[in-house]
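Everything on this sheet refers to the single structure shown next.
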Amino acid sequence: MSTLREAGHAGPESRGGSIAALTSEIRRNPLLWLLVFVPVVLVAQRVRPDAHTLLFVLSVAAIVPLAALLSRATESVAARTGDTIGGLLNATLGNLTELLIALAALRAGQYVLVKASIAGAIVTNALFMLGASFLLGGLKHHRQAFNAEGARMLAALLFLATIAMLIPSVLADADLPAGAVKLTHALSVALSVLLILTYALWLLFSLWTHGELFANDAHGGADEAEWPLRLALITLAAVTVLVALVSEVFVESVQQAAKTLGLSPAFVGFIVVALVGGAAEMTAAFSAARKNRLDLSVGIALGSAVQIALFVAPVLVLLSYVLGPAPMDLEFWRGAVGMMIIAALTASLLTNTGRSDWFIGALVVAVYVIFAMTLYLLPPRVV
Amino acid sequence: MSTLREAGHAGPESRGGSIAALTSEIRRNPLLWLLVFVPVVLVAQRVRPDAHTLLFVLSVAAIVPLAALLSRATESVAARTGDTIGGLLNATLGNLTELLIALAALRAGQYVLVKASIAGAIVTNALFMLGASFLLGGLKHHRQAFNAEGARMLAALLFLATIAMLIPSVLADADLPAGAVKLTHALSVALSVLLILTYALWLLFSLWTHGELFANDAHGGADEAEWPLRLALITLAAVTVLVALVSEVFVESVQQAAKTLGLSPAFVGFIVVALVGGAAEMTAAFSAARKNRLDLSVGIALGSAVQIALFVAPVLVLLSYVLGPAPMDLEFWRGAVGMMIIAALTASLLTNTGRSDWFIGALVVAVYVIFAMTLYLLPPRVV
Amino acid sequence: MSTLREAGHAGPESRGGSIAALTSEIRRNPLLWLLVFVPVVLVAQRVRPDAHTLLFVLSVAAIVPLAALLSRATESVAARTGDTIGGLLNATLGNLTELLIALAALRAGQYVLVKASIAGAIVTNALFMLGASFLLGGLKHHRQAFNAEGARMLAALLFLATIAMLIPSVLADADLPAGAVKLTHALSVALSVLLILTYALWLLFSLWTHGELFANDAHGGADEAEWPLRLALITLAAVTVLVALVSEVFVESVQQAAKTLGLSPAFVGFIVVALVGGAAEMTAAFSAARKNRLDLSVGIALGSAVQIALFVAPVLVLLSYVLGPAPMDLEFWRGAVGMMIIAALTASLLTNTGRSDWFIGALVVAVYVIFAMTLYLLPPRVV
């Protein structure tokens, strides 16, 4: 959610011209120097369309700063439009990068990659981002506290979403009669609508009827001047287009590049895509943990996982009927479902006391390493 | 457990004649007007034994008020026989309706329906009754508190029962050698005895050695005058016979009616039977939640689920050796086991803070809707 | 961990001569009178190498007192070498008996027995030892409290280990292409290294950086005079050799004896071996619970389960490359994985309030009885 505001240094900011504000931001934040790779990758795709490994590396280097810029622009629009509309914006556009990458894969008909990137983003956010925040925060502060109430709700939402995603996968294993494909699709659409409705109720609850329970999270990042609305809106629009363009290069090159680099497709889909898409949020979450503002870290990590599970994933299922070559369902690889359930359970069990230290963080990261290691060793044909 | 006392209005009551008390009760409580369907369904069965859909609808309309009357009579006997014997009575006869319906199905040899109605009652009570209580209570009261200690114990009991029911289903999937049927039956009997023993220990614990932990639940509903013992006992006996008669009509007609109405047998067994059998308890639980007495709602919902899992189900297994055409085992359809485990885990995770609001309720109901939706879409041959 | 100090009577102790101290210990502690079976079993093996049932019974009778002596010696060395080194010693040698039995089975190539004894020890410690401590303590004391923080951490560690052990078993079920055996072995080695690393981090955390959180456990048993270092070291060395020798007799005789006694191999591996190997710790844990020092009981029960899962099991995998006839992997029978996951979840759910009573204990023991009963009834070929 909040990213650059954390990554950059707080300080006086010129509000005179939009361009001046933007360039000052870029000068202050080394991550944004990677923006130079955006034109490079777009040119490289024209000149060397078959250099998959090169295009893969360049597109990764370009997506990371664009995602950071996108987050910063979303935050600024949100800050300038009041608490409720701002909260809604953050809640819908907070994972715009993940959505744009998945959309590129959806339009290319690469449904295995779409699903792997959804499951991978959920697991990476709920385990790696949360665990590394605990670990990095705990190495600096002996023992940290956070709002267990908010974490508990987010973990419960994640648990609900994993149950929804478990069902089609379990049914696929039962010996269904002919016509089962239609059943899976009907069920996936119904589950998607239910997930989006639940997400809408969650926004109603956390932004409106019971907002006071989550007050800490909402105002957590307010220590930096926001951009003017005009600049934020223009940046939002322009960077969205750029991320969409680079995502297409990324999706086209990632499979070939994985083969060249000796990585299994499962590892690429789950781990690499998730780390690339979430790099901006991670910078923010880790920085907040070091500053002993763990509420913010937990909110970013679990909030992001919830957003992908209850909003991005079902929206992709529904959009597949319009944009994709064929309808996409919610039937995940069983291993992916298993990992999501374990991630939701781990988040639930480990956040219920509202206290953390470096060892709890190390444990959560260890669970993630177990998954990453398994995916790395997995032969190509399993997923 | 307590039902009519909640559904009806509290007020002065004539204790002169038993009949007067009963008719005054009926006059005050609109639900009991449905009692008119009791003679109607019994006559209709003689006259039109093949009108399955009509008989199904009539028997549902007759069972609901009978179940309410049965609960009220059990409560009154319990109230007049002291805390411990009363507690025992409530604990054994609290789900008499469910038991009578299941017995009718057992005697007809419809073991799939018996098992579906057991699993469905557990899931419906632990998810729908609990969740809707949170939801309805939370819509009226901003934030509600309940005795987390009691909820935690009941959820733990439910968890134990689901583990016991998981085992035969898992073993059925292993490639067992010949003679495995005998093994499943031996195991089912042993597990049933263990479950009943554990339930007896639970009664010993909650009514005797540690009764003070659960004091709130026991005296929760004491705001209405009880019936005289004589009336209560006669009503109990007479209504039991009537429920048994109507249950037979219900069990005979439900499958054909489901086919006509386009419902899958799984949906009927899990959802329809569970909602019909539990309607009386639900009225009581929801009414208590609206009155901000959530301890009572949680006690009714989880207590009812525990009673079915640890008492009704194993008693049916043991009775099948006497009453059924063949021994029944504890091997459930895997989907049913999965739903019961998720229900127990959800109840456990969501009740451990002892606080609730409308959103937690909506989440639990959403899990139930996911299950109901899946069962509705399921093709006939899967369960 | 602490055993004889609990089992024996506290009192003045002659520190003059090592032999005097040892014989006084033996005289005071009836359990140690069983030491007479040590020479008996070693002689019997020479004289009657085919009397499997006799050898099995004698070796069990000999291992129990040896394990008690081993624990006492480890404790004494630990007490004399300071908190940190002592903690490390206890953490590595605390389950030396289980390790030696498993090593004997490993060298004999009986990998099914090794794995069953690992899984059985985890389940027995986390369910039976913990539950029976709650039960026995609760029957004497109305309601007991313990350090929930420590229990939570140990349960989390156990949860991590069961996830690690779940993965190879799940992969084995997927239709892997040829070369999958190599994959399972590579994965098992990687997981073993990760588990040992996590265990090392846990020691760093609990003994060094956050030792104050677990202070109660460490000094729990300090009510008895320790042996002199010299005596403790000599006893440790001598008894280790004796346990190793008797373990070989035990491993050779156990399968044949089981057949004669009509026990399934699964029951022997999971239940009998685990109870024999853990008898010394159980004496200590139960005695502490009766003395209302439940922190100590929980620490022994869960600490022992964690030690086996994160230290003994991975060390055996790595040692199999040196000592075994072939490499051993971490792929467990699915039923064993299921029992370990349920044990970890149960421990996690039931210890998070830090309070217990006899009923919670009875519930945990009931889960264990369900498993034992199933294993007892299981036909031979399933595991």
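Scheme for the structure tokens: letters A, B, ... for chains in order shown; per-chain residue numbers from 1; ligand numbers from 1 in order shown.
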Within 7 Å of chain B, which residues of chain C are there when counting only C-alpha atoms? Please give them as a compact mmCIF listing (two decimals) with N, CA, C and O atoms, in the first residue's frame.
```
# COMPACT_ATOMS: atom_id res chain seq x y z
N PHE C 359 -10.50 -31.73 32.34
CA PHE C 359 -11.25 -32.10 31.15
C PHE C 359 -10.45 -31.86 29.87
O PHE C 359 -10.48 -32.67 28.93
N VAL C 367 -7.93 -37.85 22.06
CA VAL C 367 -7.41 -37.81 20.68
C VAL C 367 -6.33 -38.87 20.51
O VAL C 367 -6.29 -39.59 19.51
N ILE C 370 -7.84 -42.29 20.27
CA ILE C 370 -8.40 -42.51 18.93
C ILE C 370 -7.31 -43.03 18.00
O ILE C 370 -7.49 -44.01 17.26
N THR C 374 -7.02 -46.87 16.41
CA THR C 374 -6.97 -47.08 14.97
C THR C 374 -5.75 -47.90 14.58
O THR C 374 -5.84 -48.85 13.79
N LEU C 377 -6.14 -51.57 15.43
CA LEU C 377 -7.05 -52.34 14.57
C LEU C 377 -6.54 -52.46 13.14
O LEU C 377 -7.05 -53.26 12.36
N VAL C 382 -0.91 -51.96 5.85
CA VAL C 382 -1.29 -50.61 5.46
C VAL C 382 -0.15 -49.59 5.57
O VAL C 382 0.08 -48.79 4.68
```
Q: Just the residues within 7 Å of Leu130 (chain C), please, counting only C-alpha atoms, with nothing from its chain fewer than 5 positions along; format it as a ChimeraX atom specification.
A: /C:125,298,301
Q. Excluding same-chain residues fewer than 5 positions from region 73-79 of chain B, what lies within 8 Å of it counting only C-alpha atoms, as JSON, numbers by chain?
A. {"B": [1, 2, 85, 86, 87, 89, 90, 93, 94, 226, 227, 228, 229, 232, 233, 235, 236]}
(Q) Residues near region 309-326 of chain B, anyone? I mean within 10 Å using only C-alpha atoms, not counting same-chain ones fewer than 4 positions away, as number ranges by chain. (A) B: 91-93, 95-96, 98-100, 102-111, 114-115, 117-119, 121-122, 157-162, 164-165, 185, 188-200, 303-305, 330, 340
Those same residues, written as a PDB file, in the first residue's frame with C-alpha atoms?
```
ATOM      1  CA  ALA B  91     -28.016 -32.503  27.121  1.00  0.00           C
ATOM      2  CA  THR B  92     -29.633 -35.771  26.038  1.00  0.00           C
ATOM      3  CA  LEU B  93     -33.021 -34.642  24.677  1.00  0.00           C
ATOM      4  CA  ASN B  95     -31.728 -32.555  19.792  1.00  0.00           C
ATOM      5  CA  LEU B  96     -34.582 -35.045  20.050  1.00  0.00           C
ATOM      6  CA  GLU B  98     -32.831 -34.489  14.862  1.00  0.00           C
ATOM      7  CA  LEU B  99     -32.541 -37.870  16.573  1.00  0.00           C
ATOM      8  CA  LEU B 100     -36.118 -38.875  15.637  1.00  0.00           C
ATOM      9  CA  ALA B 102     -32.390 -39.754  11.808  1.00  0.00           C
ATOM     10  CA  LEU B 103     -34.008 -42.787  13.472  1.00  0.00           C
ATOM     11  CA  ALA B 104     -36.771 -42.821  10.853  1.00  0.00           C
ATOM     12  CA  ALA B 105     -34.110 -42.766   8.127  1.00  0.00           C
ATOM     13  CA  LEU B 106     -32.106 -45.425   9.979  1.00  0.00           C
ATOM     14  CA  ARG B 107     -35.048 -47.814  10.169  1.00  0.00           C
ATOM     15  CA  ALA B 108     -35.702 -47.241   6.471  1.00  0.00           C
ATOM     16  CA  GLY B 109     -32.067 -48.235   5.816  1.00  0.00           C
ATOM     17  CA  GLN B 110     -31.309 -44.831   4.253  1.00  0.00           C
ATOM     18  CA  TYR B 111     -27.812 -44.577   5.738  1.00  0.00           C
ATOM     19  CA  VAL B 114     -28.681 -40.408   8.107  1.00  0.00           C
ATOM     20  CA  LYS B 115     -25.022 -39.465   7.655  1.00  0.00           C
ATOM     21  CA  SER B 117     -28.254 -35.166   8.127  1.00  0.00           C
ATOM     22  CA  ILE B 118     -25.717 -35.664  10.947  1.00  0.00           C
ATOM     23  CA  ALA B 119     -22.930 -33.859   9.098  1.00  0.00           C
ATOM     24  CA  ALA B 121     -26.675 -30.555  11.382  1.00  0.00           C
ATOM     25  CA  ILE B 122     -23.131 -30.149  12.756  1.00  0.00           C
ATOM     26  CA  LEU B 157     -15.073 -31.010  21.694  1.00  0.00           C
ATOM     27  CA  LEU B 158     -16.235 -30.482  18.131  1.00  0.00           C
ATOM     28  CA  PHE B 159     -12.644 -30.710  16.931  1.00  0.00           C
ATOM     29  CA  LEU B 160     -12.210 -34.036  18.746  1.00  0.00           C
ATOM     30  CA  ALA B 161     -15.398 -35.417  17.182  1.00  0.00           C
ATOM     31  CA  THR B 162     -14.335 -34.423  13.664  1.00  0.00           C
ATOM     32  CA  ALA B 164     -12.899 -39.328  15.206  1.00  0.00           C
ATOM     33  CA  MET B 165     -15.098 -39.070  12.108  1.00  0.00           C
ATOM     34  CA  HIS B 185     -17.309 -51.492  11.713  1.00  0.00           C
ATOM     35  CA  SER B 188     -16.798 -47.249  14.266  1.00  0.00           C
ATOM     36  CA  VAL B 189     -18.172 -48.990  17.344  1.00  0.00           C
ATOM     37  CA  ALA B 190     -14.994 -48.277  19.314  1.00  0.00           C
ATOM     38  CA  LEU B 191     -15.016 -44.610  18.243  1.00  0.00           C
ATOM     39  CA  SER B 192     -18.726 -44.316  19.093  1.00  0.00           C
ATOM     40  CA  VAL B 193     -18.144 -45.626  22.603  1.00  0.00           C
ATOM     41  CA  LEU B 194     -15.218 -43.221  23.030  1.00  0.00           C
ATOM     42  CA  LEU B 195     -17.325 -40.266  21.836  1.00  0.00           C
ATOM     43  CA  ILE B 196     -20.182 -41.084  24.207  1.00  0.00           C
ATOM     44  CA  LEU B 197     -17.707 -41.504  27.081  1.00  0.00           C
ATOM     45  CA  THR B 198     -16.146 -38.131  26.288  1.00  0.00           C
ATOM     46  CA  TYR B 199     -19.600 -36.559  26.180  1.00  0.00           C
ATOM     47  CA  ALA B 200     -20.346 -38.069  29.604  1.00  0.00           C
ATOM     48  CA  GLY B 303     -23.745 -26.969  22.232  1.00  0.00           C
ATOM     49  CA  SER B 304     -26.166 -28.346  19.689  1.00  0.00           C
ATOM     50  CA  ALA B 305     -23.368 -29.163  17.240  1.00  0.00           C
ATOM     51  CA  LEU B 330     -18.920 -43.754  11.003  1.00  0.00           C
ATOM     52  CA  MET B 340     -17.045 -30.613   9.525  1.00  0.00           C
TER      53      MET B 340
END
```
(Q) Just want the 8 Å neighbourhood of Ile271 (chain C), counted on only C-alpha atoms, with same-chain residues fewer than 2 positions away dropped. Output as a PyMOL selection string. (A) chain C and resi 120-121+124+267-269+273-275+372
**Q.** For region 56-64 of chain C: contacts at 7 Å, only C-alpha atoms, fewer than 5 positions along chain excluded, given as number ranges by chain
**A.** C: 34-35, 37-38, 41, 243, 246, 249-250, 253-254, 257, 276, 279-280
